[in-house]
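A short worksheet on the structure shown next.
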Amino acid sequence: MSWTLTAADLPDLARGATLLGTGGGGDPYIGQMLVQQVLGDGGITILDPDELADDMFVIPTAQMGAPTVMVEKIPAGTEPLAALRTLETHLGRAAEATMPIECGGVNSMIPLIVAAESGLPVVDADGMGRAFPELSMETFAVYGVQGSPLALAGERGEHVIIDTGTDNRQMESFARAITIRLGGVGHIAEYAMTGADVRRTAIPRTLSMALALGRAIRIAREEHRSPFAALADALSATLYSHVRELHVGKVVDVERRTTEGFARGRAVIEAVDGSGEPVVIAFQNENLTAYRGEELLAIVPDLICIVDHETAEPITTEGLRYGQRVRVLGISTPDLMRTPEALDTFGPSAFGLTETFVPVETLSGAPIAGAVGGAADGAAAPVR
């Protein structure tokens, strides 16, 4: 069923989308403020994918670039709609809705900016079900929708069309090079498709799920209950039904560099008492692997989420700092993202990793039971 999103929903939506973004997808505060600025007291219609007409024309919109850049280089706010209009002109057809390409603190928000400025509705779905660093890493591409032609817009009115036919990796390469020349951030419209394509290729209802997750965490904190149990409850009825606690500890080292249009690096998280081997998280915009010594705890495309150890507030890769007390959570992805075709596109080998994908629920992390399932409602064990 379709519903209306208002400014009051934005903090919860940003929190939940940042969790699903697995460290990437952009800064949640910046994303929230950009939408709030243009939305005001208005509302945005969110369309359920099952209600789309087969021939409805949908153009997803997003931001691309290294998340570290946007902390200091705030978008003008006009770029996403400019990209959409550029692609509409090129295709000779007006969009009837827009949609996110991924979850994240910014990239779940970019289509909302477009909607607030244009009056278009937003489809409650996306093409990653999390965040990935490359434009070719989309369920849209896995199941037959091409990214080209792509429109890219910059903050000073620059706009360009990229058309690489069926080669989505080449599209990513060209768009990345232009984004670097624009200062590390660009805004895009791509993967134009029909309503029938959306239902066939997209991860459904990720906006409403992000809103529900963010709200569950907030309400649990307000009621002095465990936000982790609340998170497990909220996930249990979704396509992301398994959540594991992989590690609890303190960030003791962060290696992060912005290179080739990505934020790359790793974070080292020790147990607070120094016992045992630390957990090492490797990332490329998003968290890719979690290891304790030689033991694999979780691997892409499953979600590896670093959150505050008490509040469950998600922490992005650019937000990681020495001394933070954190929990590392592993969350299972939907079956649509675990097929051989999907793993070829955004599984370990797509990142140059030699490991084979292993579902997080079969590894050694401790399941987090929800309050409904009988877990204690009290706060999670403190980390001192």
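Chain identifiers are assigned as A, B, and so on, following the order in which chains appear in the structure tokens; residues are numbered from 1 within each chain, and ligands are numbered from 1 in order of appearance.
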Which polymer residues have any atom within 12 Å of an atom of range 289-291 of chain A, counting only C-alpha atoms, with same-chain residues fewer than 5 positions away left out, as a count of residues only? 46
Taking the chain letters and numbering used in this document, name the residues of range 63-141 of chain A that DSSP puts in alpha helix (DSSP H), as a PyMOL selection string. chain A and resi 67-70+79-91+110-118+139-141
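Among A:Arg327, A:His242, A:His309, A:Arg257, the residue with the shortest atom-to-atom distance to Gly370 in chain A, counting only C-alpha atoms, is A:His242.
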Counting only C-alpha atoms, what is within 7 Å of Thr61 in chain A, bar same-chain residues fewer than 5 positions away, as a list in words?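 Counting only the stated atoms, we get Pro80, Leu84, Thr98, Met99, Pro100, Ile101, Ile110, Pro111, Ile188, Ala189 and Glu190 of chain A.
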Selection to disk with N, CA, C and O atoms, as a PDB file, in the first residue's frame:
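Printed below is part.pdb as written:
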ATOM      1  N   PRO A  80      20.589  16.438  -8.308  1.00  0.00           N
ATOM      2  CA  PRO A  80      19.826  15.222  -8.622  1.00  0.00           C
ATOM      3  C   PRO A  80      18.704  15.447  -9.624  1.00  0.00           C
ATOM      4  O   PRO A  80      18.530  14.653 -10.559  1.00  0.00           O
ATOM      5  N   LEU A  84      18.110  13.974 -13.524  1.00  0.00           N
ATOM      6  CA  LEU A  84      16.857  13.368 -14.001  1.00  0.00           C
ATOM      7  C   LEU A  84      16.357  14.068 -15.254  1.00  0.00           C
ATOM      8  O   LEU A  84      15.990  13.408 -16.247  1.00  0.00           O
ATOM      9  N   THR A  98      10.488   8.196  -9.348  1.00  0.00           N
ATOM     10  CA  THR A  98      11.909   7.940  -9.158  1.00  0.00           C
ATOM     11  C   THR A  98      12.063   6.883  -8.064  1.00  0.00           C
ATOM     12  O   THR A  98      11.087   6.444  -7.470  1.00  0.00           O
ATOM     13  N   MET A  99      13.310   6.487  -7.786  1.00  0.00           N
ATOM     14  CA  MET A  99      13.544   5.357  -6.884  1.00  0.00           C
ATOM     15  C   MET A  99      15.009   5.379  -6.456  1.00  0.00           C
ATOM     16  O   MET A  99      15.870   5.796  -7.232  1.00  0.00           O
ATOM     17  N   PRO A 100      15.344   4.924  -5.251  1.00  0.00           N
ATOM     18  CA  PRO A 100      16.762   4.799  -4.882  1.00  0.00           C
ATOM     19  C   PRO A 100      17.433   3.673  -5.672  1.00  0.00           C
ATOM     20  O   PRO A 100      16.777   2.728  -6.097  1.00  0.00           O
ATOM     21  N   ILE A 101      18.753   3.779  -5.825  1.00  0.00           N
ATOM     22  CA  ILE A 101      19.506   2.640  -6.366  1.00  0.00           C
ATOM     23  C   ILE A 101      20.104   1.809  -5.238  1.00  0.00           C
ATOM     24  O   ILE A 101      20.489   0.663  -5.451  1.00  0.00           O
ATOM     25  N   ILE A 110      18.377  10.899  -1.763  1.00  0.00           N
ATOM     26  CA  ILE A 110      18.454  11.644  -3.029  1.00  0.00           C
ATOM     27  C   ILE A 110      17.133  11.605  -3.803  1.00  0.00           C
ATOM     28  O   ILE A 110      16.651  12.651  -4.271  1.00  0.00           O
ATOM     29  N   PRO A 111      16.478  10.438  -3.963  1.00  0.00           N
ATOM     30  CA  PRO A 111      15.187  10.453  -4.666  1.00  0.00           C
ATOM     31  C   PRO A 111      14.120  11.284  -3.945  1.00  0.00           C
ATOM     32  O   PRO A 111      13.202  11.800  -4.600  1.00  0.00           O
ATOM     33  N   ILE A 188      23.467  11.329 -10.292  1.00  0.00           N
ATOM     34  CA  ILE A 188      23.179  10.530 -11.475  1.00  0.00           C
ATOM     35  C   ILE A 188      21.709  10.142 -11.554  1.00  0.00           C
ATOM     36  O   ILE A 188      20.999  10.065 -10.553  1.00  0.00           O
ATOM     37  N   ALA A 189      21.295   9.884 -12.787  1.00  0.00           N
ATOM     38  CA  ALA A 189      20.011   9.239 -13.095  1.00  0.00           C
ATOM     39  C   ALA A 189      20.344   8.105 -14.048  1.00  0.00           C
ATOM     40  O   ALA A 189      21.038   8.313 -15.054  1.00  0.00           O
ATOM     41  N   GLU A 190      19.884   6.894 -13.742  1.00  0.00           N
ATOM     42  CA  GLU A 190      20.292   5.720 -14.514  1.00  0.00           C
ATOM     43  C   GLU A 190      19.275   4.596 -14.333  1.00  0.00           C
ATOM     44  O   GLU A 190      18.317   4.717 -13.585  1.00  0.00           O
TER      45      GLU A 190
END
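When only C-alpha atoms are used to compute distances to Arg181 in chain A, the closest of the residues A:Met137, A:Ile113, A:Met193, A:Ala153 turns out to be A:Ala153.
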